[in-house]
file model.txt (compact mmCIF, C-alpha atoms)
# COMPACT_ATOMS: atom_id res chain seq x y z
CA MET A 147 209.02 5.01 191.68
CA VAL A 148 205.70 6.21 190.31
CA LEU A 149 204.77 9.90 190.59
CA PHE A 150 201.04 10.63 190.48
CA ASP A 151 199.51 14.09 190.17
CA ARG A 152 196.36 15.76 188.87
CA CYS A 153 198.32 18.40 186.91
CA ALA A 154 195.30 20.65 186.64
CA ASP A 155 193.49 23.26 188.69
CA ASP A 156 190.33 22.52 190.65
CA PRO A 157 187.34 24.89 190.28
CA ALA A 158 186.59 24.66 194.01
CA LEU A 159 190.01 26.04 194.92
CA ALA A 160 191.13 29.65 194.70
CA TYR A 161 194.79 29.03 193.86
CA PRO A 162 196.69 27.25 191.07
CA LEU A 163 197.72 23.62 191.47
CA ALA A 164 200.77 21.85 190.07
CA THR A 165 201.13 21.57 186.30
CA LEU A 166 202.38 18.94 183.91
CA SER A 167 205.62 20.91 183.70
CA ASP A 168 205.97 20.61 187.48
CA LEU A 169 205.51 16.85 187.23
CA ASP A 170 208.06 16.59 184.42
CA LYS A 171 210.58 18.59 186.46
CA THR A 172 210.06 16.29 189.44
CA VAL A 173 210.70 13.28 187.22
CA SER A 174 213.94 14.90 186.06
CA ASP A 175 214.96 15.77 189.63
CA CYS A 176 214.40 12.13 190.64
CA GLY A 177 216.73 10.84 187.94
CA GLY A 178 214.62 10.72 184.81
CA PRO A 179 212.00 8.35 183.40
CA GLU A 180 214.13 5.27 184.05
CA VAL A 181 213.75 5.96 187.77
CA ALA A 182 210.45 7.85 188.04
CA VAL A 183 207.31 7.11 186.03
CA PRO A 184 204.90 10.07 185.73
CA ILE A 185 201.15 9.43 185.77
CA VAL A 186 198.49 12.11 185.47
CA GLY A 187 195.51 11.25 187.65
CA ASP A 188 193.28 12.35 190.50
CA VAL A 189 193.47 10.73 193.95
CA ARG A 190 189.67 10.74 194.00
CA ASP A 191 189.72 8.27 191.09
CA GLN A 192 190.14 4.73 192.41
CA GLU A 193 190.71 3.24 188.97
CA ALA A 194 193.53 5.68 188.27
CA LEU A 195 195.24 4.82 191.57
CA ASP A 196 194.81 1.10 190.94
CA THR A 197 196.44 1.56 187.54
CA ALA A 198 199.35 3.47 189.06
CA VAL A 199 199.99 0.68 191.54
CA SER A 200 199.82 -1.94 188.80
CA ILE A 201 202.36 0.03 186.77
CA ALA A 202 204.66 0.20 189.79
CA GLN A 203 204.43 -3.57 190.24
CA GLU A 204 205.08 -4.29 186.57
CA ARG A 205 207.91 -1.77 186.22
CA PHE A 206 209.72 -2.34 189.51
CA GLY A 207 208.70 -5.87 190.51
CA GLY A 208 206.50 -4.91 193.46
CA LEU A 209 205.43 -2.15 195.79
CA ASP A 210 207.15 -1.44 199.11
CA ALA A 211 206.05 2.11 199.95
CA ALA A 212 203.02 4.28 199.30
CA LEU A 213 203.06 8.02 200.04
CA ALA A 214 199.78 9.92 200.39
CA VAL A 215 200.98 13.48 199.89
CA ALA A 216 198.25 14.95 197.68
CA GLY A 217 196.57 17.85 199.43
CA CYS A 218 194.72 21.11 199.01
CA ILE A 219 193.54 23.90 201.26
CA GLY A 220 190.63 26.30 201.48
CA GLY A 221 189.02 28.40 204.15
CA GLY A 222 188.74 31.95 205.37
CA VAL A 223 185.26 31.46 206.83
CA GLU A 224 183.85 29.81 209.93
CA ALA A 225 182.95 26.11 209.80
CA TRP A 226 179.23 26.73 209.45
CA LYS A 227 179.78 29.13 206.54
CA THR A 228 182.01 26.79 204.54
CA PRO A 229 180.54 26.26 201.04
CA ASP A 230 179.40 22.71 200.36
CA ARG A 231 181.63 22.32 197.30
CA LEU A 232 184.72 23.46 199.18
CA TRP A 233 183.97 21.13 202.11
CA SER A 234 183.48 18.18 199.77
CA THR A 235 186.66 18.93 197.81
CA LEU A 236 188.89 19.24 200.87
CA LEU A 237 187.56 16.05 202.44
CA ALA A 238 187.78 14.16 199.16
CA VAL A 239 191.34 15.16 198.25
CA ASN A 240 192.97 15.26 201.69
CA LEU A 241 191.23 12.34 203.41
CA GLU A 242 189.44 10.21 200.85
CA GLY A 243 192.50 10.40 198.59
CA ALA A 244 194.69 8.89 201.31
CA TRP A 245 192.12 6.16 201.94
CA ARG A 246 191.83 5.39 198.22
CA LEU A 247 195.59 5.10 197.98
CA SER A 248 195.53 2.58 200.82
CA LYS A 249 192.87 0.60 198.94
CA ALA A 250 195.13 0.46 195.90
CA ALA A 251 198.51 0.07 197.58
CA VAL A 252 198.05 -2.12 200.66
CA PRO A 253 197.07 -5.28 198.78
CA ALA A 254 200.16 -4.86 196.60
CA MET A 255 202.41 -4.43 199.65
CA LEU A 256 200.92 -7.55 201.21
CA GLU A 257 201.88 -9.51 198.11
CA ARG A 258 205.54 -8.95 198.94
CA PRO A 259 207.31 -11.95 200.49
CA GLU A 260 207.95 -12.14 204.23
CA PRO A 261 209.60 -10.59 206.11
CA ARG A 262 207.82 -7.56 204.68
CA GLN A 263 209.13 -4.02 205.01
CA GLY A 264 206.15 -2.14 203.57
CA ARG A 265 205.62 1.51 204.40
CA PHE A 266 202.47 3.64 204.19
CA VAL A 267 203.16 7.32 204.90
CA ALA A 268 200.55 10.07 204.78
CA VAL A 269 201.00 13.81 205.11
CA THR A 270 198.68 15.36 207.64
CA SER A 271 199.38 18.82 209.09
CA ALA A 272 199.78 20.70 212.31
CA SER A 273 196.10 21.41 211.58
CA GLY A 274 195.51 17.68 211.97
CA THR A 275 196.36 17.79 215.66
CA VAL A 276 195.02 21.19 216.73
CA GLY A 277 192.07 23.33 215.69
CA ILE A 278 192.88 26.17 213.33
CA TYR A 279 190.73 29.29 213.02
CA MET A 280 188.78 29.48 209.74
CA LEU A 281 190.25 26.24 208.36
CA ALA A 282 187.56 23.85 209.59
CA ALA A 283 187.26 21.70 206.47
CA TYR A 284 191.01 21.39 206.05
CA SER A 285 191.53 20.68 209.74
CA ALA A 286 188.74 18.09 209.78
CA ALA A 287 190.23 16.30 206.80
CA LYS A 288 193.73 16.28 208.27
CA HIS A 289 192.44 15.02 211.63
CA GLY A 290 190.81 12.25 209.62
CA VAL A 291 194.15 11.36 208.05
CA VAL A 292 195.55 10.83 211.55
CA GLY A 293 192.72 8.44 212.41
CA LEU A 294 193.14 6.58 209.14
CA VAL A 295 196.88 6.12 209.64
CA ARG A 296 196.51 4.91 213.21
CA SER A 297 193.87 2.38 212.15
CA LEU A 298 196.05 1.20 209.28
CA ALA A 299 198.95 0.77 211.70
CA ALA A 300 196.80 -1.46 213.90
CA GLU A 301 195.60 -3.50 210.94
CA LEU A 302 198.94 -3.81 209.14
CA GLY A 303 201.17 -4.51 212.14
CA PRO A 304 200.68 -8.31 212.00
CA TYR A 305 201.86 -8.24 208.38
CA GLY A 306 205.07 -6.33 209.06
CA VAL A 307 203.91 -3.16 207.31
CA THR A 308 204.09 0.22 209.06
CA ALA A 309 201.81 3.24 208.72
CA ASN A 310 202.80 6.71 209.89
CA ALA A 311 201.86 10.35 209.37
CA VAL A 312 204.04 13.42 208.95
CA ALA A 313 202.60 16.70 210.23
CA PRO A 314 204.27 19.80 208.77
CA GLY A 315 203.84 23.31 210.08
CA SER A 316 203.81 26.41 207.87
CA THR A 317 205.88 25.52 204.82
CA SER A 318 206.92 27.70 201.88
CA THR A 319 204.48 26.42 199.25
CA ALA A 320 201.62 27.67 197.08
CA MET A 321 199.23 26.34 199.73
CA LEU A 322 200.74 28.67 202.31
CA GLU A 323 200.37 31.61 199.94
CA ALA A 324 196.71 30.67 199.57
CA SER A 325 196.38 30.47 203.35
CA ALA A 326 197.77 33.99 203.70
CA SER A 327 194.95 35.30 201.52
CA PHE A 328 192.37 33.73 203.86
CA TYR A 329 193.61 35.94 206.68
CA GLY A 330 194.38 39.06 204.66
CA LEU A 331 198.14 38.71 205.18
CA ASP A 332 200.44 40.51 202.76
CA ASP A 333 203.33 38.11 203.32
CA PRO A 334 203.12 34.35 204.08
CA SER A 335 206.28 34.68 206.17
CA GLN A 336 204.06 36.16 208.88
CA PHE A 337 202.95 32.58 209.65
CA ALA A 338 206.42 32.03 211.13
CA GLU A 339 205.15 33.86 214.20
CA GLN A 340 203.30 30.63 215.09
CA HIS A 341 206.60 28.70 215.24
CA LEU A 342 209.09 28.42 218.09
CA LEU A 343 211.80 28.53 215.45
CA PRO A 344 211.30 31.98 213.91
CA ARG A 345 211.10 30.93 210.26
CA LEU A 346 209.01 29.05 207.74
CA LEU A 347 209.83 25.47 206.86
CA GLU A 348 211.21 24.50 203.47
CA PRO A 349 209.56 21.62 201.57
CA ASP A 350 212.75 19.56 201.80
CA GLU A 351 212.38 19.36 205.58
CA PRO A 352 209.15 17.32 205.79
CA ALA A 353 210.32 15.46 202.68
CA ALA A 354 213.43 14.29 204.54
CA LEU A 355 211.31 12.79 207.31
CA ILE A 356 209.04 11.09 204.79
CA ALA A 357 212.09 9.55 203.10
CA TRP A 358 213.43 8.33 206.45
CA LEU A 359 210.09 6.73 207.33
CA CYS A 360 210.32 4.75 204.09
CA GLY A 361 213.74 3.34 204.99
CA PRO A 362 214.99 0.51 207.20
CA ASP A 363 215.91 2.70 210.18
CA SER A 364 212.23 3.45 210.86
CA ALA A 365 211.18 -0.20 211.14
CA GLY A 366 210.18 0.15 214.80
CA ILE A 367 207.85 3.12 214.27
CA THR A 368 204.20 2.72 213.37
CA GLY A 369 200.97 4.55 214.18
CA ALA A 370 202.96 7.72 214.85
CA VAL A 371 202.17 11.32 213.96
CA LEU A 372 205.55 12.98 213.62
CA PRO A 373 205.68 16.79 213.58
CA VAL A 374 207.98 18.82 211.36
CA ASP A 375 206.46 22.11 212.47
CA ALA A 376 209.26 24.25 213.90
CA GLY A 377 207.60 23.90 217.30
CA MET A 378 204.18 25.13 216.19
CA THR A 379 202.28 22.52 218.24
CA ALA A 380 204.70 22.52 221.18
CA ARG A 381 203.31 25.69 222.73

call {"tool": "encode", "arguments": {"input": "model.txt", "output": "structure tokens"}}
result
Amino acid sequence: MVLFDRCADDPALAYPLATLSDLDKTVSDCGGPEVAVPIVGDVRDQEALDTAVSIAQERFGGLDAALAVAGCIGGGVEAWKTPDRLWSTLLAVNLEGAWRLSKAAVPAMLERPEPRQGRFVAVTSASGTVGIYMLAAYSAAKHGVVGLVRSLAAELGPYGVTANAVAPGSTSTAMLEASASFYGLDDPSQFAEQHLLPRLLEPDEPAALIAWLCGPDSAGITGAVLPVDAGMTAR
């Protein structure tokens, strides 16, 4: 596998992003450099994504799955008060990044011999299916991811490649801590009040669904938006 991350903060965002140490730890958790190849790059950079896909093909003999999981959040103001730079950053990372990955990865998946078992999986959000107060740019971008995935599913179906989206609810991450600051919350665990299950999600929970969507048992699912949101959107 190839692991791709910016490993640097973004000046438009008010919280720290993952570091090179985080990427190195993920490589170790995945089994080391023989299994996982780390690449530092930005999903807004088409050339960097193209290079990552080429490395995957050279190292592992082809590409069978592409996961668009890069994301960032910002908000705390109404849609019409959102700063231009923040709007552009959220749309570029969350939506354009997923599209750019498809540009890099889909041609490589279509090079695989038939019958193909390619998988494109993107992370949207509960905010990608419902409107969220003071998160207009983030919600707009994540709604866009849903539209992108459904269109990819329609286009890739004849080739035997699936495209699906995973929509997490409030998950214990740095992004959720940033979200708490938008609403003046002292504790991110207060977001659990939005869930039918009275707790936050752990990152391993949406990750497990992503992994399943990349496997053979999900072959009959495409164009789906699958929630892992503790019932947040079931109300």

call {"tool": "atom_distance", "arguments": {"input": "model.txt", "atom1": "atom CA of A:Ala158", "atom2": "atom CA of A:Asn310"}}
result
28.9 Å

call {"tool": "atom_distance", "arguments": {"input": "model.txt", "atom1": "atom CA of A:Lys288", "atom2": "atom CA of A:Val215"}}
result
11.4 Å

call {"tool": "atom_distance", "arguments": {"input": "model.txt", "atom1": "atom CA of A:Gly303", "atom2": "atom CA of A:Gly264"}}
result
10.2 Å

call {"tool": "closest_atom_pairs", "arguments": {"input": "model.txt", "of": "stretch 223-325 of chain A", "to": "stretch 356-370 of chain A", "cutoff": "9 Å", "atoms": "only C-alpha atoms", "output": "tab-separated table"}}
result
residue	atom	partner	partner_atom	distance
A:Gln263	CA	A:Ala365	CA	7.5
A:Gly264	CA	A:Cys360	CA	8.1
A:Arg265	CA	A:Cys360	CA	5.7
A:Phe266	CA	A:Cys360	CA	7.9
A:Val267	CA	A:Ile356	CA	7.0
A:Ala268	CA	A:Ile356	CA	8.6
A:Val269	CA	A:Ile356	CA	8.5
A:Val292	CA	A:Ala370	CA	8.7
A:Val295	CA	A:Gly369	CA	6.3
A:Arg296	CA	A:Gly369	CA	4.6
A:Ser297	CA	A:Gly369	CA	7.7
A:Leu298	CA	A:Gly369	CA	7.7
A:Ala299	CA	A:Gly369	CA	5.0
A:Ala300	CA	A:Gly369	CA	7.3
A:Gly303	CA	A:Thr368	CA	7.9
A:Gly306	CA	A:Ala365	CA	8.9
A:Val307	CA	A:Thr368	CA	8.4
A:Thr308	CA	A:Thr368	CA	5.0
A:Ala309	CA	A:Thr368	CA	5.3
A:Asn310	CA	A:Ala370	CA	5.1
A:Ala311	CA	A:Ala370	CA	6.2
A:Val312	CA	A:Ile356	CA	6.9

call {"tool": "residues_around", "arguments": {"input": "model.txt", "residues": "A:Leu209", "least_positions_apart": "4", "cutoff": "12 Å", "atoms": "all atoms listed in the file", "output": "list in words"}}
result
Met147, Val148, Ala198, Val199, Ser200, Ile201, Ala202, Gln203, Glu204, Arg205, Leu213, Ala250, Ala251, Val252, Pro253, Ala254, Met255, Leu256, Glu257, Arg258, Pro259, Arg262, Gln263, Gly264, Arg265, Phe266, Val307 and Cys360 of chain A

call {"tool": "closest_residue", "arguments": {"input": "model.txt", "among": "A:Ala244, A:Cys153, A:Val173, A:Ala160", "to": "A:Leu294", "atoms": "all atoms listed in the file"}}
result
A:Ala244

call {"tool": "closest_atom_pairs", "arguments": {"input": "model.txt", "of": "stretch 262-344 of chain A", "to": "stretch 224-231 of chain A", "cutoff": "9 Å", "atoms": "all atoms listed in the file", "output": "Markdown table"}}
result
| residue | atom | partner | partner_atom | distance |
| --- | --- | --- | --- | --- |
| A:Tyr279 | CA | A:Glu224 | CA | 7.6 |
| A:Met280 | CA | A:Glu224 | CA | 4.9 |
| A:Leu281 | CA | A:Ala225 | CA | 7.4 |
| A:Ala282 | CA | A:Ala225 | CA | 5.1 |
| A:Ala283 | CA | A:Ala225 | CA | 7.0 |

call {"tool": "residues_around", "arguments": {"input": "model.txt", "residues": "A:Glu323", "least_positions_apart": "2", "cutoff": "10 Å", "atoms": "all atoms listed in the file", "output": "list of chain:residue names"}}
result
A:Tyr161, A:Thr317, A:Ser318, A:Thr319, A:Ala320, A:Met321, A:Ser325, A:Ala326, A:Ser327, A:Phe328, A:Leu331, A:Asp332, A:Asp333, A:Pro334, A:Ser335

call {"tool": "axis_aligned_box", "arguments": {"input": "model.txt", "around": "stretch 233-238 of chain A", "padding_each_side": "6 Å", "output": "lines of an AutoDock Vina configuration file"}}
result
center_x = 186.2
center_y = 17.6
center_z = 200.1
size_x = 17.4
size_y = 19.0
size_z = 16.6

call {"tool": "closest_residue", "arguments": {"input": "model.txt", "among": "A:Pro314, A:Pro157, A:Pro261, A:Gly293", "to": "A:Pro373", "atoms": "only C-alpha atoms"}}
result
A:Pro314

call {"tool": "closest_residue", "arguments": {"input": "model.txt", "among": "A:Leu236, A:Val186, A:Ala214, A:Leu342", "to": "A:Ala154", "atoms": "all atoms listed in the file"}}
result
A:Val186

call {"tool": "build_atoms", "arguments": {"input": "model.txt", "residues": "stretch 336-362 of chain A", "atoms": "N, CA and C atoms", "output": "compact mmCIF listing (two decimals), in the frame of the given file"}}
result
# COMPACT_ATOMS: atom_id res chain seq x y z
N GLN A 336 204.64 35.80 207.59
CA GLN A 336 204.06 36.16 208.88
C GLN A 336 203.59 34.92 209.66
N PHE A 337 203.34 33.81 208.96
CA PHE A 337 202.95 32.58 209.65
C PHE A 337 204.07 32.04 210.54
N ALA A 338 205.31 32.47 210.30
CA ALA A 338 206.42 32.03 211.13
C ALA A 338 206.25 32.44 212.58
N GLU A 339 205.40 33.42 212.82
CA GLU A 339 205.15 33.86 214.20
C GLU A 339 204.51 32.75 215.03
N GLN A 340 203.91 31.75 214.38
CA GLN A 340 203.30 30.63 215.09
C GLN A 340 204.34 29.59 215.51
N HIS A 341 205.56 29.70 215.00
CA HIS A 341 206.60 28.70 215.24
C HIS A 341 207.51 29.11 216.40
N LEU A 342 208.05 28.12 217.10
CA LEU A 342 209.09 28.42 218.09
C LEU A 342 210.39 28.79 217.38
N LEU A 343 210.69 28.10 216.30
CA LEU A 343 211.80 28.53 215.45
C LEU A 343 211.27 29.65 214.56
N PRO A 344 211.88 30.81 214.56
CA PRO A 344 211.30 31.98 213.91
C PRO A 344 211.50 32.01 212.40
N ARG A 345 210.99 31.00 211.72
CA ARG A 345 211.10 30.93 210.26
C ARG A 345 210.07 29.96 209.72
N LEU A 346 209.82 30.04 208.42
CA LEU A 346 209.01 29.05 207.74
C LEU A 346 209.84 27.80 207.47
N LEU A 347 209.17 26.70 207.28
CA LEU A 347 209.83 25.47 206.86
C LEU A 347 210.00 25.46 205.35
N GLU A 348 211.03 24.74 204.89
CA GLU A 348 211.21 24.50 203.47
C GLU A 348 210.67 23.12 203.13
N PRO A 349 210.14 22.92 201.92
CA PRO A 349 209.56 21.62 201.57
C PRO A 349 210.50 20.44 201.77
N ASP A 350 211.80 20.66 201.62
CA ASP A 350 212.75 19.56 201.80
C ASP A 350 212.76 19.01 203.22
N GLU A 351 212.30 19.81 204.18
CA GLU A 351 212.38 19.36 205.58
C GLU A 351 211.35 18.27 205.90
N PRO A 352 210.06 18.46 205.62
CA PRO A 352 209.15 17.32 205.79
C PRO A 352 209.47 16.19 204.83
N ALA A 353 209.97 16.51 203.64
CA ALA A 353 210.32 15.46 202.68
C ALA A 353 211.41 14.54 203.24
N ALA A 354 212.36 15.11 203.97
CA ALA A 354 213.43 14.29 204.54
C ALA A 354 212.88 13.30 205.55
N LEU A 355 211.91 13.71 206.35
CA LEU A 355 211.31 12.79 207.31
C LEU A 355 210.51 11.71 206.61
N ILE A 356 209.79 12.08 205.56
CA ILE A 356 209.04 11.09 204.79
C ILE A 356 210.00 10.04 204.23
N ALA A 357 211.11 10.49 203.67
CA ALA A 357 212.09 9.55 203.10
C ALA A 357 212.63 8.62 204.18
N TRP A 358 212.91 9.17 205.36
CA TRP A 358 213.43 8.33 206.45
C TRP A 358 212.40 7.30 206.87
N LEU A 359 211.14 7.67 206.93
CA LEU A 359 210.09 6.73 207.33
C LEU A 359 209.94 5.59 206.32
N CYS A 360 210.39 5.81 205.11
CA CYS A 360 210.32 4.75 204.09
C CYS A 360 211.53 3.82 204.13
N GLY A 361 212.51 4.13 204.95
CA GLY A 361 213.74 3.34 204.99
C GLY A 361 213.79 2.34 206.12
N PRO A 362 214.87 1.58 206.20
CA PRO A 362 214.99 0.51 207.20
C PRO A 362 215.14 1.01 208.62
